[in-house]
Amino acid sequence: MHPSSDDLYDEVERALKRGDRARLRALYEELANIGEMEGFLWLGDVYARGDGVPVDLDKAELLFNQAAALGSSEAVFQMASVWLDRGEPHRYFLAIQEATNKGVLVAQYYLGLCYKRGRGTEIDTSRAEELIRDAAERGLIRAKTYFARKRILRIYNPFGFAYGLVTMLLVILEGLSITLINPKDERLR
């Protein structure tokens, strides 16, 4: 008898707590073999990062596409890293844009950075600021620190510098409080 998907997810939690990476890979494979979206997603991440296996971007792409076909917006976001690692900035931009459209909050921040740096698209600093500001307003800690850092770096303006330092401290405290309540909260990404 094969374990149920609930049993496999419970075992994933136990393996995560133990830090047993080899067991995690085996569990991800089992979940993918029974068609579980998270199995495809997690296993794709293993191959994209080379976590205990050689980096295999083709396999990661296949797994992320399978997860995306099952409705994973996270898989669309993770696929962007594959395009970036392959040196395909326009495809990276398109994947980040799609993930943003699917509601992945951290993707919105990275889309803003694409516009700021011209990664896969034309530079558009006003669009970049708009996207990052919206992500900050929606609570993304990374986006909030982006604006605090910008203020801190304006050392010629002592009030802006001080405001940036206070803002950074408040963002750090907010991040810590979110971490204590829910370390998997999407605002921490």
# chains A, B, ... in the order shown; residues from 1 in each chain; ligands from 1
call {"tool": "closest_atom_pairs", "arguments": {"of": "segment 76-135 of chain A", "to": "segment 142-153 of chain A", "cutoff": "10 Å", "atoms": "only C-alpha atoms", "output": "CSV"}}
result
residue,atom,partner,partner_atom,distance
A:Val106,CA,A:Arg142,CA,8.2
A:Gln108,CA,A:Ala143,CA,9.4
A:Tyr109,CA,A:Ala143,CA,6.4
A:Tyr110,CA,A:Ala143,CA,9.4
A:Gly112,CA,A:Ala143,CA,9.7
A:Glu129,CA,A:Phe147,CA,9.4
A:Leu131,CA,A:Ala143,CA,9.4
A:Ile132,CA,A:Ala143,CA,5.8
A:Arg133,CA,A:Ala143,CA,7.0
A:Asp134,CA,A:Ala143,CA,8.6
A:Ala135,CA,A:Ala143,CA,6.1
call {"tool": "write_last_selection", "arguments": {"atoms": "N, CA and C atoms", "output": "PDB file, in the first residue's frame"}}
result
ATOM      1  N   VAL A 106       6.047  38.841  -4.387  1.00  0.00           N
ATOM      2  CA  VAL A 106       7.477  39.094  -4.563  1.00  0.00           C
ATOM      3  C   VAL A 106       7.833  39.264  -6.043  1.00  0.00           C
ATOM      4  N   GLN A 108       6.158  40.926  -8.143  1.00  0.00           N
ATOM      5  CA  GLN A 108       5.912  42.333  -8.461  1.00  0.00           C
ATOM      6  C   GLN A 108       7.151  43.172  -8.153  1.00  0.00           C
ATOM      7  N   TYR A 109       7.806  42.878  -7.046  1.00  0.00           N
ATOM      8  CA  TYR A 109       9.040  43.579  -6.692  1.00  0.00           C
ATOM      9  C   TYR A 109      10.108  43.349  -7.772  1.00  0.00           C
ATOM     10  N   TYR A 110      10.278  42.082  -8.166  1.00  0.00           N
ATOM     11  CA  TYR A 110      11.280  41.772  -9.192  1.00  0.00           C
ATOM     12  C   TYR A 110      10.916  42.348 -10.549  1.00  0.00           C
ATOM     13  N   GLY A 112       9.445  45.206 -10.886  1.00  0.00           N
ATOM     14  CA  GLY A 112       9.910  46.585 -10.730  1.00  0.00           C
ATOM     15  C   GLY A 112      11.398  46.699 -10.983  1.00  0.00           C
ATOM     16  N   GLU A 129       9.325  52.279  -9.953  1.00  0.00           N
ATOM     17  CA  GLU A 129       8.963  52.832  -8.643  1.00  0.00           C
ATOM     18  C   GLU A 129       7.511  52.519  -8.301  1.00  0.00           C
ATOM     19  N   LEU A 131       5.643  49.935  -9.286  1.00  0.00           N
ATOM     20  CA  LEU A 131       5.495  48.513  -8.931  1.00  0.00           C
ATOM     21  C   LEU A 131       6.080  48.206  -7.553  1.00  0.00           C
ATOM     22  N   ILE A 132       7.262  48.735  -7.291  1.00  0.00           N
ATOM     23  CA  ILE A 132       7.907  48.462  -6.001  1.00  0.00           C
ATOM     24  C   ILE A 132       7.141  49.143  -4.877  1.00  0.00           C
ATOM     25  N   ARG A 133       6.669  50.361  -5.099  1.00  0.00           N
ATOM     26  CA  ARG A 133       5.885  51.064  -4.078  1.00  0.00           C
ATOM     27  C   ARG A 133       4.593  50.294  -3.775  1.00  0.00           C
ATOM     28  N   ASP A 134       3.935  49.790  -4.801  1.00  0.00           N
ATOM     29  CA  ASP A 134       2.711  49.023  -4.580  1.00  0.00           C
ATOM     30  C   ASP A 134       3.010  47.745  -3.781  1.00  0.00           C
ATOM     31  N   ALA A 135       4.115  47.089  -4.107  1.00  0.00           N
ATOM     32  CA  ALA A 135       4.498  45.889  -3.352  1.00  0.00           C
ATOM     33  C   ALA A 135       4.776  46.244  -1.890  1.00  0.00           C
TER      34      ALA A 135
END
call {"tool": "closest_residue", "arguments": {"among": "A:Glu122, A:Asp7, A:Ala75, A:Ala107", "to": "Pro89 of chain A", "atoms": "only C-alpha atoms"}}
result
A:Glu122
call {"tool": "residues_around", "arguments": {"residues": "segment 12-18 of chain A", "least_positions_apart": "3", "cutoff": "12 Å", "atoms": "only C-alpha atoms", "output": "list in words"}}
result
Ser5, Asp6, Asp7, Leu8, Tyr9, Arg21, Ala22, Arg23, Leu24, Arg25, Ala26, Leu27, Tyr28, Glu29, Glu30, Leu31, Glu38, Gly39 and Trp42 of chain A
call {"tool": "closest_residue", "arguments": {"among": "A:Phe93, A:Tyr47, A:Tyr115, A:Phe64", "to": "Glu130 of chain A", "atoms": "only C-alpha atoms"}}
result
A:Tyr115
call {"tool": "closest_residue", "arguments": {"among": "A:Leu57, A:Glu11, A:Leu94, A:Glu186", "to": "Glu74 of chain A", "atoms": "only C-alpha atoms"}}
result
A:Glu186
call {"tool": "select_by_dssp", "arguments": {"residues": "segment 57-166 of chain A", "states": "helix (DSSP H, G or I)", "output": "PyMOL selection string"}}
result
chain A and resi 57-69+73-85+89-101+105-117+125-137+141-152+158-166
call {"tool": "closest_residue", "arguments": {"among": "A:Val104, A:Leu111, A:Leu188, A:Ile123", "to": "Leu140 of chain A", "atoms": "only C-alpha atoms"}}
result
A:Leu188
call {"tool": "residues_around", "arguments": {"residues": "Met79 of chain A", "least_positions_apart": "5", "cutoff": "8 Å", "atoms": "only C-alpha atoms", "output": "PyMOL selection string"}}
result
chain A and resi 60-61+64-65+92+95
call {"tool": "atom_distance", "arguments": {"atom1": "atom CA of Val171 of chain A", "atom2": "atom CA of Arg187 of chain A"}}
result
11.4 Å
call {"tool": "atom_distance", "arguments": {"atom1": "atom CA of Leu43 of chain A", "atom2": "atom CA of Leu63 of chain A"}}
result
7.0 Å
call {"tool": "closest_residue", "arguments": {"among": "A:Phe40, A:Tyr156, A:Arg189, A:Ile34", "to": "Ser4 of chain A", "atoms": "only C-alpha atoms"}}
result
A:Ile34
call {"tool": "closest_residue", "arguments": {"among": "A:Leu41, A:Ala128, A:Leu169, A:Leu180", "to": "Phe77 of chain A", "atoms": "only C-alpha atoms"}}
result
A:Leu41
